[in-house]
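K.L.:
Contents of coords37.txt (compact mmCIF, N, CA and C atoms) are below:
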```
# COMPACT_ATOMS: atom_id res chain seq x y z
N SER A 233 85.75 201.84 20.76
CA SER A 233 85.39 200.61 21.46
C SER A 233 85.17 199.45 20.49
N GLU A 234 85.59 199.62 19.24
CA GLU A 234 85.48 198.54 18.27
C GLU A 234 86.45 197.42 18.62
N SER A 235 86.04 196.21 18.33
CA SER A 235 86.95 195.09 18.55
C SER A 235 88.04 195.10 17.49
N TRP A 236 89.15 194.45 17.77
CA TRP A 236 90.24 194.39 16.79
C TRP A 236 89.79 193.71 15.52
N LEU A 237 88.88 192.72 15.65
CA LEU A 237 88.41 192.01 14.47
C LEU A 237 87.61 192.94 13.56
N ALA A 238 86.78 193.79 14.13
CA ALA A 238 86.01 194.74 13.32
C ALA A 238 86.94 195.71 12.60
N LYS A 239 88.03 196.12 13.28
CA LYS A 239 89.00 197.01 12.64
C LYS A 239 89.70 196.32 11.49
N VAL A 240 90.05 195.05 11.67
CA VAL A 240 90.73 194.30 10.62
C VAL A 240 89.80 194.14 9.42
N VAL A 241 88.54 193.79 9.68
CA VAL A 241 87.58 193.61 8.59
C VAL A 241 87.38 194.94 7.86
N THR A 242 87.29 196.03 8.61
CA THR A 242 87.15 197.34 8.00
C THR A 242 88.39 197.68 7.16
N LEU A 243 89.57 197.42 7.70
CA LEU A 243 90.81 197.67 6.96
C LEU A 243 90.87 196.77 5.72
N ASP A 244 90.46 195.53 5.88
CA ASP A 244 90.44 194.58 4.79
C ASP A 244 89.58 195.11 3.64
N ARG A 245 88.37 195.50 3.92
CA ARG A 245 87.46 196.01 2.89
C ARG A 245 87.98 197.33 2.32
N PHE A 246 88.55 198.19 3.17
CA PHE A 246 89.09 199.46 2.69
C PHE A 246 90.21 199.23 1.67
N CYS A 247 91.12 198.29 1.97
CA CYS A 247 92.22 198.00 1.04
C CYS A 247 91.69 197.49 -0.28
N LEU A 248 90.66 196.65 -0.24
CA LEU A 248 90.10 196.13 -1.48
C LEU A 248 89.41 197.22 -2.28
N ILE A 249 88.71 198.12 -1.60
CA ILE A 249 88.05 199.23 -2.29
C ILE A 249 89.11 200.15 -2.90
N LEU A 250 90.17 200.41 -2.16
CA LEU A 250 91.26 201.24 -2.68
C LEU A 250 91.91 200.58 -3.89
N PHE A 251 92.13 199.28 -3.81
CA PHE A 251 92.74 198.58 -4.92
C PHE A 251 91.82 198.63 -6.14
N HIS A 252 90.50 198.44 -5.93
CA HIS A 252 89.55 198.54 -7.04
C HIS A 252 89.64 199.91 -7.70
N ALA A 253 89.76 200.95 -6.90
CA ALA A 253 89.82 202.31 -7.45
C ALA A 253 91.08 202.49 -8.31
N VAL A 254 92.21 202.01 -7.82
CA VAL A 254 93.45 202.11 -8.58
C VAL A 254 93.36 201.28 -9.85
N TRP A 255 92.85 200.08 -9.73
CA TRP A 255 92.71 199.15 -10.85
C TRP A 255 91.81 199.75 -11.92
N LEU A 256 90.67 200.31 -11.52
CA LEU A 256 89.74 200.91 -12.48
C LEU A 256 90.34 202.13 -13.15
N ASN A 257 91.05 202.93 -12.39
CA ASN A 257 91.69 204.11 -12.97
C ASN A 257 92.68 203.71 -14.04
N TYR A 258 93.43 202.66 -13.80
CA TYR A 258 94.39 202.17 -14.79
C TYR A 258 93.67 201.77 -16.08
N TRP A 259 92.60 201.00 -15.94
CA TRP A 259 91.89 200.51 -17.13
C TRP A 259 91.17 201.63 -17.86
N LYS A 260 90.68 202.62 -17.15
CA LYS A 260 90.03 203.75 -17.82
C LYS A 260 91.03 204.47 -18.73
N ARG A 261 92.26 204.60 -18.26
CA ARG A 261 93.29 205.26 -19.06
C ARG A 261 93.68 204.43 -20.27
N HIS A 262 93.49 203.13 -20.22
CA HIS A 262 93.89 202.27 -21.32
C HIS A 262 92.72 201.83 -22.19
N LEU A 263 91.58 202.46 -22.00
CA LEU A 263 90.40 202.29 -22.85
C LEU A 263 89.87 200.86 -22.93
N PHE A 264 90.01 200.11 -21.86
CA PHE A 264 89.41 198.79 -21.79
C PHE A 264 88.06 198.90 -21.09
N SER A 265 87.31 197.85 -21.18
CA SER A 265 86.00 197.84 -20.55
C SER A 265 86.14 197.89 -19.03
N VAL A 266 85.61 198.93 -18.43
CA VAL A 266 85.69 199.08 -16.98
C VAL A 266 84.88 198.00 -16.28
N HIS A 267 83.75 197.65 -16.86
CA HIS A 267 82.91 196.63 -16.22
C HIS A 267 83.59 195.27 -16.21
N LEU A 268 84.25 194.93 -17.29
CA LEU A 268 84.97 193.66 -17.35
C LEU A 268 86.09 193.65 -16.31
N CYS A 269 86.80 194.75 -16.20
CA CYS A 269 87.89 194.86 -15.24
C CYS A 269 87.38 194.74 -13.81
N LEU A 270 86.30 195.43 -13.50
CA LEU A 270 85.72 195.38 -12.17
C LEU A 270 85.23 193.98 -11.86
N ASP A 271 84.57 193.36 -12.83
CA ASP A 271 84.08 192.00 -12.62
C ASP A 271 85.22 191.03 -12.36
N LEU A 272 86.29 191.12 -13.13
CA LEU A 272 87.43 190.23 -12.96
C LEU A 272 88.07 190.43 -11.60
N SER A 273 88.31 191.66 -11.22
CA SER A 273 88.96 191.90 -9.93
C SER A 273 88.07 191.48 -8.78
N GLU A 274 86.76 191.70 -8.88
CA GLU A 274 85.85 191.27 -7.83
C GLU A 274 85.81 189.75 -7.72
N VAL A 275 85.75 189.07 -8.85
CA VAL A 275 85.70 187.61 -8.82
C VAL A 275 86.99 187.04 -8.24
N LEU A 276 88.14 187.57 -8.67
CA LEU A 276 89.40 187.08 -8.12
C LEU A 276 89.52 187.36 -6.63
N CYS A 277 89.08 188.53 -6.19
CA CYS A 277 89.09 188.84 -4.75
C CYS A 277 88.21 187.87 -3.98
N GLU A 278 87.01 187.66 -4.46
CA GLU A 278 86.09 186.76 -3.78
C GLU A 278 86.63 185.34 -3.71
N VAL A 279 87.13 184.85 -4.83
CA VAL A 279 87.59 183.46 -4.87
C VAL A 279 88.86 183.28 -4.06
N LEU A 280 89.84 184.14 -4.24
CA LEU A 280 91.13 183.94 -3.59
C LEU A 280 91.16 184.38 -2.14
N LEU A 281 90.29 185.28 -1.73
CA LEU A 281 90.33 185.76 -0.35
C LEU A 281 89.19 185.22 0.52
N TYR A 282 88.01 185.04 -0.03
CA TYR A 282 86.85 184.79 0.82
C TYR A 282 86.14 183.46 0.60
N THR A 283 86.50 182.71 -0.42
CA THR A 283 85.78 181.49 -0.75
C THR A 283 86.54 180.28 -0.24
N ASP A 284 85.79 179.30 0.26
CA ASP A 284 86.37 178.01 0.58
C ASP A 284 86.67 177.33 -0.75
N VAL A 285 87.94 177.23 -1.10
CA VAL A 285 88.31 176.74 -2.43
C VAL A 285 88.31 175.22 -2.55
N GLU A 286 88.09 174.52 -1.47
CA GLU A 286 88.09 173.05 -1.52
C GLU A 286 87.14 172.50 -2.58
N PRO A 287 85.88 172.94 -2.64
CA PRO A 287 84.98 172.36 -3.65
C PRO A 287 85.15 172.92 -5.06
N VAL A 288 85.91 173.99 -5.20
CA VAL A 288 86.05 174.63 -6.53
C VAL A 288 87.52 174.75 -6.94
N GLN A 289 88.30 173.73 -6.70
CA GLN A 289 89.73 173.79 -6.99
C GLN A 289 90.01 173.93 -8.49
N SER A 290 89.36 173.12 -9.30
CA SER A 290 89.63 173.20 -10.74
C SER A 290 89.15 174.53 -11.32
N GLU A 291 88.04 175.05 -10.81
CA GLU A 291 87.54 176.35 -11.27
C GLU A 291 88.49 177.48 -10.88
N THR A 292 89.08 177.38 -9.68
CA THR A 292 90.03 178.38 -9.23
C THR A 292 91.25 178.40 -10.14
N LYS A 293 91.75 177.21 -10.47
CA LYS A 293 92.90 177.12 -11.38
C LYS A 293 92.55 177.73 -12.74
N ALA A 294 91.40 177.36 -13.27
CA ALA A 294 91.00 177.84 -14.59
C ALA A 294 90.80 179.36 -14.60
N LEU A 295 90.23 179.89 -13.54
CA LEU A 295 90.03 181.34 -13.45
C LEU A 295 91.35 182.08 -13.47
N CYS A 296 92.32 181.59 -12.73
CA CYS A 296 93.63 182.24 -12.70
C CYS A 296 94.34 182.15 -14.05
N VAL A 297 94.27 180.98 -14.68
CA VAL A 297 94.89 180.81 -16.00
C VAL A 297 94.24 181.74 -17.01
N GLN A 298 92.91 181.79 -17.03
CA GLN A 298 92.21 182.65 -17.99
C GLN A 298 92.51 184.12 -17.75
N ALA A 299 92.63 184.52 -16.49
CA ALA A 299 92.95 185.91 -16.19
C ALA A 299 94.31 186.29 -16.75
N VAL A 300 95.30 185.42 -16.59
CA VAL A 300 96.64 185.71 -17.10
C VAL A 300 96.66 185.70 -18.62
N ILE A 301 95.93 184.77 -19.23
CA ILE A 301 95.88 184.73 -20.69
C ILE A 301 95.23 185.99 -21.25
N SER A 302 94.16 186.44 -20.60
CA SER A 302 93.41 187.60 -21.10
C SER A 302 94.07 188.93 -20.78
N PHE A 303 94.66 189.06 -19.58
CA PHE A 303 95.14 190.37 -19.13
C PHE A 303 96.64 190.43 -18.87
N GLY A 304 97.35 189.34 -19.05
CA GLY A 304 98.81 189.34 -18.96
C GLY A 304 99.36 189.81 -17.63
N HIS A 305 100.32 190.74 -17.72
CA HIS A 305 101.03 191.20 -16.52
C HIS A 305 100.11 191.92 -15.54
N ASP A 306 99.06 192.52 -16.03
CA ASP A 306 98.11 193.19 -15.13
C ASP A 306 97.42 192.17 -14.22
N ALA A 307 97.03 191.04 -14.80
CA ALA A 307 96.42 189.99 -13.99
C ALA A 307 97.43 189.38 -13.04
N ILE A 308 98.67 189.24 -13.48
CA ILE A 308 99.72 188.70 -12.60
C ILE A 308 99.91 189.63 -11.40
N ALA A 309 99.90 190.93 -11.64
CA ALA A 309 100.04 191.89 -10.54
C ALA A 309 98.87 191.78 -9.57
N LEU A 310 97.67 191.65 -10.10
CA LEU A 310 96.50 191.49 -9.24
C LEU A 310 96.57 190.21 -8.43
N LEU A 311 96.94 189.11 -9.07
CA LEU A 311 97.05 187.83 -8.36
C LEU A 311 98.12 187.90 -7.27
N ALA A 312 99.25 188.52 -7.57
CA ALA A 312 100.32 188.66 -6.57
C ALA A 312 99.84 189.52 -5.40
N PHE A 313 99.13 190.59 -5.70
CA PHE A 313 98.60 191.45 -4.64
C PHE A 313 97.65 190.67 -3.74
N LEU A 314 96.77 189.88 -4.33
CA LEU A 314 95.82 189.11 -3.54
C LEU A 314 96.51 188.03 -2.71
N LEU A 315 97.57 187.42 -3.25
CA LEU A 315 98.33 186.44 -2.48
C LEU A 315 99.00 187.08 -1.28
N VAL A 316 99.56 188.26 -1.48
CA VAL A 316 100.19 188.97 -0.36
C VAL A 316 99.14 189.34 0.69
N CYS A 317 97.99 189.81 0.24
CA CYS A 317 96.91 190.14 1.17
C CYS A 317 96.51 188.93 2.01
N ARG A 318 96.41 187.79 1.36
CA ARG A 318 95.96 186.58 2.06
C ARG A 318 97.06 186.00 2.95
N ALA A 319 98.26 185.84 2.40
CA ALA A 319 99.32 185.15 3.13
C ALA A 319 100.00 186.04 4.18
N GLN A 320 100.35 187.24 3.81
CA GLN A 320 101.09 188.11 4.72
C GLN A 320 100.18 188.83 5.72
N PHE A 321 99.08 189.39 5.21
CA PHE A 321 98.22 190.20 6.07
C PHE A 321 96.98 189.47 6.55
N GLU A 322 96.83 188.20 6.15
CA GLU A 322 95.74 187.32 6.59
C GLU A 322 94.36 187.91 6.33
N PHE A 323 94.19 188.54 5.17
CA PHE A 323 92.87 189.03 4.79
C PHE A 323 91.99 187.85 4.44
N GLY A 324 90.71 188.03 4.62
CA GLY A 324 89.75 187.00 4.25
C GLY A 324 89.98 185.73 5.02
N ARG A 325 90.12 184.62 4.30
CA ARG A 325 90.32 183.32 4.93
C ARG A 325 91.79 183.03 5.20
N GLY A 326 92.65 184.03 5.09
CA GLY A 326 94.07 183.83 5.33
C GLY A 326 94.39 183.45 6.76
N SER A 327 93.57 183.92 7.70
CA SER A 327 93.79 183.64 9.11
C SER A 327 93.12 182.33 9.51
N GLY A 328 93.91 181.41 9.97
CA GLY A 328 93.35 180.15 10.47
C GLY A 328 93.15 179.08 9.42
N PHE A 329 93.46 179.37 8.18
CA PHE A 329 93.32 178.40 7.10
C PHE A 329 94.67 178.24 6.40
N ASP A 330 95.68 177.84 7.16
CA ASP A 330 97.04 177.80 6.64
C ASP A 330 97.20 176.82 5.48
N ASP A 331 96.60 175.63 5.58
CA ASP A 331 96.72 174.66 4.49
C ASP A 331 96.06 175.17 3.23
N GLU A 332 94.89 175.79 3.38
CA GLU A 332 94.19 176.34 2.23
C GLU A 332 94.99 177.49 1.60
N THR A 333 95.56 178.35 2.44
CA THR A 333 96.36 179.46 1.95
C THR A 333 97.59 178.94 1.21
N GLN A 334 98.21 177.89 1.73
CA GLN A 334 99.35 177.28 1.05
C GLN A 334 98.94 176.73 -0.32
N TRP A 335 97.78 176.07 -0.37
CA TRP A 335 97.29 175.54 -1.64
C TRP A 335 97.00 176.67 -2.62
N VAL A 336 96.35 177.72 -2.17
CA VAL A 336 96.02 178.86 -3.04
C VAL A 336 97.30 179.47 -3.59
N GLY A 337 98.28 179.70 -2.74
CA GLY A 337 99.53 180.29 -3.19
C GLY A 337 100.24 179.44 -4.24
N THR A 338 100.35 178.15 -3.96
CA THR A 338 101.00 177.24 -4.90
C THR A 338 100.24 177.18 -6.21
N THR A 339 98.93 177.08 -6.13
CA THR A 339 98.11 176.95 -7.33
C THR A 339 98.15 178.21 -8.18
N VAL A 340 98.08 179.36 -7.57
CA VAL A 340 98.12 180.62 -8.33
C VAL A 340 99.47 180.76 -9.04
N LEU A 341 100.55 180.43 -8.35
CA LEU A 341 101.86 180.52 -8.99
C LEU A 341 101.99 179.52 -10.14
N GLN A 342 101.45 178.31 -9.96
CA GLN A 342 101.45 177.33 -11.04
C GLN A 342 100.60 177.81 -12.21
N ALA A 343 99.46 178.42 -11.91
CA ALA A 343 98.57 178.93 -12.96
C ALA A 343 99.25 180.03 -13.77
N ILE A 344 99.96 180.91 -13.09
CA ILE A 344 100.69 181.97 -13.79
C ILE A 344 101.73 181.36 -14.72
N ASP A 345 102.52 180.43 -14.19
CA ASP A 345 103.55 179.79 -15.01
C ASP A 345 102.94 179.05 -16.20
N HIS A 346 101.86 178.31 -15.94
CA HIS A 346 101.21 177.53 -16.99
C HIS A 346 100.65 178.44 -18.09
N ALA A 347 100.01 179.52 -17.70
CA ALA A 347 99.45 180.46 -18.68
C ALA A 347 100.56 181.13 -19.49
N ARG A 348 101.64 181.49 -18.84
CA ARG A 348 102.75 182.12 -19.56
C ARG A 348 103.40 181.14 -20.53
N GLU A 349 103.53 179.88 -20.12
CA GLU A 349 104.06 178.86 -21.03
C GLU A 349 103.16 178.70 -22.25
N TYR A 350 101.87 178.71 -22.02
CA TYR A 350 100.93 178.60 -23.14
C TYR A 350 101.06 179.80 -24.08
N LEU A 351 101.18 180.98 -23.52
CA LEU A 351 101.23 182.19 -24.35
C LEU A 351 102.46 182.25 -25.25
N VAL A 352 103.54 181.61 -24.87
CA VAL A 352 104.74 181.62 -25.72
C VAL A 352 104.87 180.33 -26.54
N SER A 353 103.90 179.44 -26.42
CA SER A 353 103.96 178.18 -27.18
C SER A 353 103.41 178.39 -28.59
N GLU A 354 103.60 177.38 -29.42
CA GLU A 354 103.09 177.45 -30.79
C GLU A 354 101.57 177.27 -30.85
N TYR A 355 100.96 176.86 -29.73
CA TYR A 355 99.51 176.64 -29.68
C TYR A 355 98.74 177.89 -29.26
N ALA A 356 99.42 178.96 -28.95
CA ALA A 356 98.88 180.11 -28.23
C ALA A 356 97.47 180.56 -28.60
N PRO A 357 97.13 180.92 -29.77
CA PRO A 357 95.77 181.43 -29.93
C PRO A 357 94.73 180.35 -30.22
N ASN A 358 95.14 179.09 -30.30
CA ASN A 358 94.24 178.08 -30.84
C ASN A 358 93.55 177.17 -29.83
N LEU A 359 94.07 177.03 -28.63
CA LEU A 359 93.49 176.08 -27.68
C LEU A 359 92.39 176.72 -26.86
N SER A 360 91.41 175.91 -26.51
CA SER A 360 90.36 176.37 -25.60
C SER A 360 90.88 176.27 -24.16
N LEU A 361 90.18 176.89 -23.24
CA LEU A 361 90.58 176.83 -21.83
C LEU A 361 90.56 175.39 -21.33
N LEU A 362 89.60 174.61 -21.77
CA LEU A 362 89.53 173.21 -21.36
C LEU A 362 90.78 172.45 -21.80
N GLU A 363 91.22 172.68 -23.03
CA GLU A 363 92.42 172.02 -23.53
C GLU A 363 93.67 172.49 -22.78
N ILE A 364 93.71 173.75 -22.43
CA ILE A 364 94.84 174.28 -21.67
C ILE A 364 94.87 173.65 -20.28
N MET A 365 93.71 173.52 -19.67
CA MET A 365 93.64 172.99 -18.31
C MET A 365 93.95 171.49 -18.26
N GLN A 366 93.78 170.76 -19.34
CA GLN A 366 94.09 169.34 -19.34
C GLN A 366 95.58 169.09 -19.16
N SER A 367 96.40 170.05 -19.54
CA SER A 367 97.85 169.90 -19.36
C SER A 367 98.35 170.59 -18.10
N PHE A 368 97.44 171.07 -17.25
CA PHE A 368 97.83 171.75 -16.02
C PHE A 368 98.42 170.73 -15.06
N PRO A 369 99.56 171.06 -14.43
CA PRO A 369 100.16 170.10 -13.48
C PRO A 369 99.26 169.87 -12.27
N SER A 370 99.16 168.64 -11.87
CA SER A 370 98.27 168.32 -10.73
C SER A 370 98.97 168.38 -9.40
```
Could you spell out this file's structure in structure tokens?
P.N.:
Amino acid sequence: SESWLAKVVTLDRFCLILFHAVWLNYWKRHLFSVHLCLDLSEVLCEVLLYTDVEPVQSETKALCVQAVISFGHDAIALLAFLLVCRAQFEFGRGSGFDDETQWVGTTVLQAIDHAREYLVSEYAPNLSLLEIMQSFPS
């Protein structure tokens, strides 16, 4: 007798818990800090799926750029997974917030491209996140 919304929320949380388990298992095998990995995935899930990003747009961009710089393809995979969850399956704020979802998708893809461009540039290990973000496309 559960409502469809309760089932969706339950499925939503279950998928995130399952993803956390897979993500943590990967990092345990690669001898990275499990706590750092869990914190990063939780923060990205909260920001990209459940937070009203209107007041924290620059922070959202910076978080995505820093994740890609620090974790490379693993962060890109996580960001892509979260975008699919939000846009395709309407997890979190994906349902009813089409403009916000469009902005999140565009911004995350720009952040990935921007971080990858930085990583192959001659400035790669020397710039701070603030300096990297100053050249972020608006």
K.L.:
For Leu280 in chain A, which residue out of A:Ser353, A:Gln320, A:Thr333, A:Ser327 is the nearest one, using only C-alpha atoms?
P.N.:
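Closest to Leu280 in chain A of all the choices is A:Thr333.
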K.L.:
With only C-alpha atoms as the counted atoms, please give the residues lying no more than 8 Å from range 313-316 of chain A, apart from itself and same-chain residues fewer than 6 positions off, as a PDB file with N, CA and C atoms, in the coordinates of the input.
P.N.:
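Output below, filename selection26.pdb:
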```
ATOM      1  N   CYS A 277      89.080 188.530  -6.190  1.00  0.00           N
ATOM      2  CA  CYS A 277      89.090 188.840  -4.750  1.00  0.00           C
ATOM      3  C   CYS A 277      88.210 187.870  -3.980  1.00  0.00           C
ATOM      4  N   LEU A 280      89.840 184.140  -4.240  1.00  0.00           N
ATOM      5  CA  LEU A 280      91.130 183.940  -3.590  1.00  0.00           C
ATOM      6  C   LEU A 280      91.160 184.380  -2.140  1.00  0.00           C
ATOM      7  N   LEU A 281      90.290 185.280  -1.730  1.00  0.00           N
ATOM      8  CA  LEU A 281      90.330 185.760  -0.350  1.00  0.00           C
ATOM      9  C   LEU A 281      89.190 185.220   0.520  1.00  0.00           C
ATOM     10  N   VAL A 336      96.350 177.720  -2.170  1.00  0.00           N
ATOM     11  CA  VAL A 336      96.020 178.860  -3.040  1.00  0.00           C
ATOM     12  C   VAL A 336      97.300 179.470  -3.590  1.00  0.00           C
ATOM     13  N   GLY A 337      98.280 179.700  -2.740  1.00  0.00           N
ATOM     14  CA  GLY A 337      99.530 180.290  -3.190  1.00  0.00           C
ATOM     15  C   GLY A 337     100.240 179.440  -4.240  1.00  0.00           C
TER      16      GLY A 337
END
```
K.L.:
Using only C-alpha atoms, which residues sit within 12 Å of Ala309 in chain A once same-chain residues fewer than 2 positions away are excluded, as an MDAnalysis selection string?
P.N.:
chainID A and resid 251 255 273 276 296 299:300 303:307 311:316 340:341 344
K.L.:
Between CA of Gln342 in chain A and CA of Arg325 in chain A, what is the distance in Å, rounded to a tenth?
P.N.:
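These two atoms are separated by 20.4 Å.
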K.L.:
Atom C of Val297 in chain A to atom C of Leu362 in chain A: how many Å, to one decimal?
P.N.:
11.0 Å
K.L.:
As an exercise, work out the distance from CA of Leu295 in chain A to CA of Leu361 in chain A in Å and give it to one decimal place.
P.N.:
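So the answer is 9.5 Å.
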K.L.:
Just the alpha helix (DSSP H) stuff from range 284-344 of chain A, please, per backbone DSSP, written as a PyMOL selection string.
P.N.:
chain A and resi 289-303+305-319+330-344
K.L.:
Using only C-alpha atoms, can you tell me which of A:Glu291, A:Glu354, A:Glu363, A:Asp284 comes closest to Asp331 in chain A?
P.N.:
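For Asp331 in chain A, the nearest of the given residues is A:Asp284.
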K.L.:
Mind giving me the axis-aligned box for range 338-349 of chain A with 3 Å on every side, centre plus edges in Å to one decimal, as AutoDock Vina command-line options?
P.N.:
```
--center_x 101.1 --center_y 179.5 --center_z -13.1 --size_x 12.0 --size_y 11.2 --size_z 24.3
```
